[in-house]
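File shown: my_file.pdb (PDB, C-alpha atoms).
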```
ATOM      1  CA  MET A   1       2.034 -17.961   1.925
ATOM      2  CA  SER A   2       0.108 -15.210   3.702
ATOM      3  CA  TYR A   3       2.721 -13.253   5.707
ATOM      4  CA  TYR A   4       5.852 -11.430   4.581
ATOM      5  CA  ASP A   5       8.707  -9.611   6.281
ATOM      6  CA  VAL A   6       9.407  -7.030   3.602
ATOM      7  CA  LYS A   7      13.068  -6.499   4.548
ATOM      8  CA  SER A   8      13.763 -10.221   4.103
ATOM      9  CA  ILE A   9      12.431 -10.331   0.519
ATOM     10  CA  GLU A  10      15.253 -10.517  -2.002
ATOM     11  CA  ALA A  11      15.713  -7.080  -3.542
ATOM     12  CA  LYS A  12      15.960  -6.294  -7.231
ATOM     13  CA  LYS A  13      17.925  -3.209  -8.273
ATOM     14  CA  PRO A  14      16.218  -1.736 -11.324
ATOM     15  CA  ALA A  15      18.238   1.514 -11.288
ATOM     16  CA  ALA A  16      21.051   3.214  -9.384
ATOM     17  CA  GLY A  17      19.966   3.944  -5.812
ATOM     18  CA  VAL A  18      16.727   1.974  -6.150
ATOM     19  CA  GLU A  19      15.842  -1.351  -4.515
ATOM     20  CA  MET A  20      12.503  -3.064  -4.990
ATOM     21  CA  ARG A  21      10.839  -5.904  -3.076
ATOM     22  CA  VAL A  22       7.752  -7.518  -4.545
ATOM     23  CA  VAL A  23       4.678  -9.211  -3.067
ATOM     24  CA  SER A  24       2.240 -10.386  -5.699
ATOM     25  CA  GLY A  25      -1.299 -11.673  -5.666
ATOM     26  CA  GLU A  26      -3.568 -12.708  -8.508
ATOM     27  CA  ARG A  27      -5.135  -9.323  -9.202
ATOM     28  CA  MET A  28      -2.584  -6.886  -7.820
ATOM     29  CA  MET A  29       1.061  -6.487  -6.825
ATOM     30  CA  MET A  30       2.774  -4.516  -4.063
ATOM     31  CA  VAL A  31       6.250  -3.178  -4.849
ATOM     32  CA  PHE A  32       8.179  -1.752  -1.903
ATOM     33  CA  PHE A  33      10.827   0.693  -3.110
ATOM     34  CA  ALA A  34      13.810   1.869  -1.053
ATOM     35  CA  MET A  35      15.505   4.868  -2.652
ATOM     36  CA  LYS A  36      18.495   7.129  -2.190
ATOM     37  CA  THR A  37      18.631  10.870  -2.759
ATOM     38  CA  GLY A  38      18.599  11.688  -6.457
ATOM     39  CA  ALA A  39      17.560   8.204  -7.590
ATOM     40  CA  GLU A  40      15.199   8.481 -10.529
ATOM     41  CA  VAL A  41      12.525   6.480 -12.248
ATOM     42  CA  PRO A  42      12.438   8.059 -15.710
ATOM     43  CA  GLU A  43       9.190   9.013 -17.421
ATOM     44  CA  HIS A  44       7.217   6.002 -18.556
ATOM     45  CA  ALA A  45       3.675   4.669 -18.867
ATOM     46  CA  HIS A  46       2.005   1.263 -18.709
ATOM     47  CA  PRO A  47      -1.490  -0.124 -19.037
ATOM     48  CA  HIS A  48      -1.529  -1.240 -15.381
ATOM     49  CA  GLU A  49      -3.359   1.014 -12.946
ATOM     50  CA  GLN A  50      -0.942   2.272 -10.264
ATOM     51  CA  MET A  51      -1.530   3.699  -6.807
ATOM     52  CA  GLY A  52       0.911   4.300  -4.022
ATOM     53  CA  THR A  53       1.958   5.995  -0.845
ATOM     54  CA  VAL A  54       5.151   7.366   0.667
ATOM     55  CA  ILE A  55       5.909   5.407   3.857
ATOM     56  CA  LYS A  56       9.064   7.336   4.767
ATOM     57  CA  GLY A  57      10.953  10.294   3.270
ATOM     58  CA  SER A  58       9.847  12.097   0.127
ATOM     59  CA  VAL A  59       9.843  12.012  -3.652
ATOM     60  CA  GLU A  60       9.126  14.448  -6.429
ATOM     61  CA  LEU A  61       6.458  12.899  -8.626
ATOM     62  CA  THR A  62       5.174  13.947 -12.017
ATOM     63  CA  ILE A  63       1.856  12.391 -13.056
ATOM     64  CA  GLY A  64       0.734  13.537 -16.475
ATOM     65  CA  GLN A  65       1.522  17.281 -16.453
ATOM     66  CA  GLU A  66       1.390  17.751 -12.663
ATOM     67  CA  THR A  67       4.500  17.713 -10.484
ATOM     68  CA  GLN A  68       4.307  17.571  -6.684
ATOM     69  CA  LYS A  69       6.507  16.738  -3.736
ATOM     70  CA  VAL A  70       4.976  13.738  -1.974
ATOM     71  CA  SER A  71       6.096  13.061   1.595
ATOM     72  CA  GLN A  72       5.293  10.496   4.267
ATOM     73  CA  GLY A  73       1.505  10.263   4.476
ATOM     74  CA  GLY A  74       0.963  11.304   0.879
ATOM     75  CA  ALA A  75      -0.699   9.092  -1.705
ATOM     76  CA  TYR A  76      -1.284   9.169  -5.448
ATOM     77  CA  LEU A  77      -3.231   7.530  -8.242
ATOM     78  CA  ILE A  78      -1.849   6.962 -11.729
ATOM     79  CA  PRO A  79      -4.560   5.798 -14.120
ATOM     80  CA  SER A  80      -3.813   3.264 -16.827
ATOM     81  CA  GLY A  81      -1.638   4.725 -19.576
ATOM     82  CA  VAL A  82      -0.766   8.052 -17.890
ATOM     83  CA  THR A  83       2.934   8.973 -18.074
ATOM     84  CA  HIS A  84       4.758   9.457 -14.791
ATOM     85  CA  ARG A  85       8.228   9.831 -13.329
ATOM     86  CA  ALA A  86       9.749   9.965  -9.852
ATOM     87  CA  LYS A  87      12.843  11.422  -8.213
ATOM     88  CA  CYS A  88      13.903  10.665  -4.672
ATOM     89  CA  LEU A  89      14.460  13.735  -2.469
ATOM     90  CA  GLU A  90      16.094  12.151   0.587
ATOM     91  CA  ASN A  91      18.025   9.066   1.638
ATOM     92  CA  GLY A  92      16.054   6.340   3.319
ATOM     93  CA  THR A  93      12.901   7.051   1.337
ATOM     94  CA  GLU A  94      10.425   4.166   1.230
ATOM     95  CA  VAL A  95       7.589   4.111  -1.266
ATOM     96  CA  LEU A  96       4.919   1.482  -1.769
ATOM     97  CA  ASP A  97       3.570   1.210  -5.294
ATOM     98  CA  ILE A  98       0.693  -1.080  -6.114
ATOM     99  CA  PHE A  99      -0.295  -2.277  -9.551
ATOM    100  CA  SER A 100      -3.335  -3.964 -11.025
ATOM    101  CA  PRO A 101      -2.982  -6.201 -12.856
ATOM    102  CA  PRO A 102       0.401  -7.399 -11.500
ATOM    103  CA  ARG A 103       3.389  -6.412 -13.623
ATOM    104  CA  GLU A 104       4.553  -9.727 -14.976
ATOM    105  CA  GLU A 105       8.092  -8.447 -15.571
ATOM    106  CA  TYR A 106       8.492  -7.822 -11.807
ATOM    107  CA  ARG A 107       7.469 -11.290 -10.587
TER
ATOM    108  CA  MET B   1      -7.251  14.015  -9.026
ATOM    109  CA  SER B   2      -3.824  12.423  -8.746
ATOM    110  CA  TYR B   3      -2.461  13.457  -5.333
ATOM    111  CA  TYR B   4      -3.853  12.942  -1.841
ATOM    112  CA  ASP B   5      -2.890  14.016   1.670
ATOM    113  CA  VAL B   6      -4.172  10.984   3.545
ATOM    114  CA  LYS B   7      -4.709  12.824   6.859
ATOM    115  CA  SER B   8      -6.994  15.332   5.133
ATOM    116  CA  ILE B   9      -9.326  12.670   3.704
ATOM    117  CA  GLU B  10     -12.595  12.523   5.634
ATOM    118  CA  ALA B  11     -12.489   9.505   7.938
ATOM    119  CA  LYS B  12     -15.179   6.872   8.302
ATOM    120  CA  LYS B  13     -15.470   5.069  11.636
ATOM    121  CA  PRO B  14     -16.517   1.489  10.901
ATOM    122  CA  ALA B  15     -15.886   0.237  14.471
ATOM    123  CA  ALA B  16     -14.799   1.509  17.879
ATOM    124  CA  GLY B  17     -11.180   2.663  17.753
ATOM    125  CA  VAL B  18     -10.975   2.349  13.957
ATOM    126  CA  GLU B  19     -10.794   5.164  11.402
ATOM    127  CA  MET B  20     -10.519   4.552   7.674
ATOM    128  CA  ARG B  21      -9.580   6.866   4.808
ATOM    129  CA  VAL B  22     -10.162   5.689   1.262
ATOM    130  CA  VAL B  23      -8.454   6.355  -2.079
ATOM    131  CA  SER B  24     -10.052   4.482  -4.939
ATOM    132  CA  GLY B  25      -9.098   3.800  -8.535
ATOM    133  CA  GLU B  26     -10.873   1.787 -11.194
ATOM    134  CA  ARG B  27      -9.289  -1.574 -10.461
ATOM    135  CA  MET B  28      -8.175  -1.236  -6.839
ATOM    136  CA  MET B  29      -8.729   0.706  -3.643
ATOM    137  CA  MET B  30      -6.387   1.788  -0.848
ATOM    138  CA  VAL B  31      -7.862   1.962   2.650
ATOM    139  CA  PHE B  32      -5.694   3.633   5.291
ATOM    140  CA  PHE B  33      -6.679   2.438   8.773
ATOM    141  CA  ALA B  34      -5.758   4.220  12.022
ATOM    142  CA  MET B  35      -6.414   2.000  15.031
ATOM    143  CA  LYS B  36      -6.303   2.104  18.820
ATOM    144  CA  THR B  37      -5.167  -0.684  21.127
ATOM    145  CA  GLY B  38      -7.720  -3.464  21.262
ATOM    146  CA  ALA B  39      -9.745  -2.283  18.274
ATOM    147  CA  GLU B  40     -10.957  -5.281  16.308
ATOM    148  CA  VAL B  41     -12.087  -6.151  12.829
ATOM    149  CA  PRO B  42     -14.119  -9.331  13.424
ATOM    150  CA  GLU B  43     -13.690 -12.409  11.270
ATOM    151  CA  HIS B  44     -15.114 -11.960   7.792
ATOM    152  CA  ALA B  45     -14.461 -12.824   4.161
ATOM    153  CA  HIS B  46     -15.154 -11.188   0.799
ATOM    154  CA  PRO B  47     -14.566 -12.021  -2.845
ATOM    155  CA  HIS B  48     -12.133  -9.091  -3.230
ATOM    156  CA  GLU B  49      -8.434  -9.936  -3.121
ATOM    157  CA  GLN B  50      -6.765  -8.089  -0.233
ATOM    158  CA  MET B  51      -3.145  -7.233   0.441
ATOM    159  CA  GLY B  52      -1.679  -4.884   2.986
ATOM    160  CA  THR B  53       1.154  -3.638   5.097
ATOM    161  CA  VAL B  54       1.639  -2.230   8.584
ATOM    162  CA  ILE B  55       3.004   1.315   8.273
ATOM    163  CA  LYS B  56       3.255   1.984  12.016
ATOM    164  CA  GLY B  57       2.571  -0.060  15.161
ATOM    165  CA  SER B  58       1.340  -3.653  15.113
ATOM    166  CA  VAL B  59      -1.710  -5.860  14.757
ATOM    167  CA  GLU B  60      -2.540  -9.478  15.399
ATOM    168  CA  LEU B  61      -3.866 -10.945  12.169
ATOM    169  CA  THR B  62      -5.557 -14.236  11.491
ATOM    170  CA  ILE B  63      -5.694 -15.284   7.839
ATOM    171  CA  GLY B  64      -7.443 -18.603   7.355
ATOM    172  CA  GLN B  65      -6.098 -20.719  10.223
ATOM    173  CA  GLU B  66      -2.822 -18.816  10.719
ATOM    174  CA  THR B  67      -2.399 -16.112  13.366
ATOM    175  CA  GLN B  68       0.643 -13.822  13.425
ATOM    176  CA  LYS B  69       1.695 -10.524  14.918
ATOM    177  CA  VAL B  70       2.421  -8.145  12.057
ATOM    178  CA  SER B  71       4.498  -5.063  12.839
ATOM    179  CA  GLN B  72       5.822  -2.109  10.888
ATOM    180  CA  GLY B  73       7.462  -3.498   7.756
ATOM    181  CA  GLY B  74       5.290  -6.595   7.643
ATOM    182  CA  ALA B  75       2.953  -7.412   4.777
ATOM    183  CA  TYR B  76       0.240  -9.948   4.040
ATOM    184  CA  LEU B  77      -1.871 -11.403   1.270
ATOM    185  CA  ILE B  78      -5.483 -12.509   1.734
ATOM    186  CA  PRO B  79      -6.768 -14.374  -1.313
ATOM    187  CA  SER B  80     -10.360 -13.981  -2.468
ATOM    188  CA  GLY B  81     -12.794 -15.653  -0.092
ATOM    189  CA  VAL B  82     -10.351 -16.449   2.746
ATOM    190  CA  THR B  83     -11.628 -15.542   6.228
ATOM    191  CA  HIS B  84      -9.566 -13.084   8.235
ATOM    192  CA  ARG B  85      -9.706 -10.915  11.339
ATOM    193  CA  ALA B  86      -7.482  -8.257  12.917
ATOM    194  CA  LYS B  87      -6.862  -6.870  16.393
ATOM    195  CA  CYS B  88      -4.796  -3.777  17.076
ATOM    196  CA  LEU B  89      -1.942  -4.253  19.546
ATOM    197  CA  GLU B  90      -0.876  -0.644  20.148
ATOM    198  CA  ASN B  91      -2.222   2.883  19.927
ATOM    199  CA  GLY B  92      -1.247   4.847  16.848
ATOM    200  CA  THR B  93      -1.201   1.789  14.604
ATOM    201  CA  GLU B  94      -1.520   2.560  10.898
ATOM    202  CA  VAL B  95      -2.352  -0.151   8.403
ATOM    203  CA  LEU B  96      -2.795   0.119   4.647
ATOM    204  CA  ASP B  97      -5.155  -2.417   3.123
ATOM    205  CA  ILE B  98      -5.615  -2.649  -0.612
ATOM    206  CA  PHE B  99      -8.468  -4.351  -2.407
ATOM    207  CA  SER B 100      -9.120  -5.451  -5.954
ATOM    208  CA  PRO B 101     -11.709  -4.905  -7.170
ATOM    209  CA  PRO B 102     -12.556  -1.805  -5.096
ATOM    210  CA  ARG B 103     -15.074  -2.424  -2.300
ATOM    211  CA  GLU B 104     -18.101  -0.508  -3.504
ATOM    212  CA  GLU B 105     -19.484  -0.156   0.040
ATOM    213  CA  TYR B 106     -16.384   1.860   1.046
ATOM    214  CA  ARG B 107     -16.533   4.451  -1.745
TER
END
```

What does this structure look like when you write it as structure tokens?
Amino acid sequence: MSYYDVKSIEAKKPAAGVEMRVVSGERMMMVFFAMKTGAEVPEHAHPHEQMGTVIKGSVELTIGQETQKVSQGGAYLIPSGVTHRAKCLENGTEVLDIFSPPREEYR
Amino acid sequence: MSYYDVKSIEAKKPAAGVEMRVVSGERMMMVFFAMKTGAEVPEHAHPHEQMGTVIKGSVELTIGQETQKVSQGGAYLIPSGVTHRAKCLENGTEVLDIFSPPREEYR
């Protein structure tokens, strides 16, 4: 299958106020997050390289020791093994995270 | 560097009506495309796996033998080696393509 309507993908709910919809390839995975104000992804790290962009709304991100507000049109890179956390700053926020390799636990 | 303001990244202009802004990691690369109506990426293929999403506007995509209009909120997966082409259907279209491995010629 080559084409996806993201809204129609069945959502997982990994935390309060967080929905995720996954599209996976062989070498990388897209995870579309929809978040509500105050929803949090607590500090964690993983061997997968992560990049992402804010499609709508804004989040407060901490990557390593550096915290920034990232809004629509912002992007970020989280190298393998670097700790990071996220907090949603407004309802209706949409974030796309991509991982390589794919995160098997999200398939 | 962990954070990027996509608009402030220097744009390359690979074709008429197409601007691209690149953020690259070790294992994957994000390429943010801004396109005008009628701008085209002619049919091509590459060994890199490609995935993407339409952030704003719409494009007509052909992946292998299948052509679809992809609008905001649509996503796609182009496996390694599969031919594909794109044509922009409206001004102000923004598309995010991701590649793994990174495309060295875009760095």

Hits of the PyMOL selection byres ((chain B and resi 28-44) around 6) in this structure, as a PyMOL selection string: chain B and resi 17-27+45+83-91+93-102

Given a cut-off of 7 Å, which residues of chain B touch chain A, counting only C-alpha atoms, written out as a ChimeraX atom specification? /B:2-6,25,27-28,49,55,73-78,100

Return as JSON the box centre and box size in Å, one decimal, for an axis-aligned box around all listed atoms of range 22-33 of chain B padded by 3 Å per side.
```
{"center_x": -8.3, "center_y": 2.4, "center_z": -1.2, "size_x": 11.2, "size_y": 13.9, "size_z": 26.0}
```

So how many Å separate CA of Gly57 in chain A and CA of Arg107 in chain A, to one decimal?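 Interatomic distance here is 25.9 Å.
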
Of A:Glu10, A:Gly81, A:Glu60, A:Ala16, the one nearest to Pro47 in chain A when counting only C-alpha atoms is A:Gly81

Record the distance separating CA of Ala15 in chain A and CA of Gly92 in chain A, expressed in Å with one decimal.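 CA of Ala15 in chain A sits 15.5 Å away from CA of Gly92 in chain A.
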
Take CA of Lys13 in chain A and CA of Glu105 in chain A and report the distance between them in Å, one decimal.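 CA of Glu105 in chain A lies 13.3 Å from CA of Lys13 in chain A.
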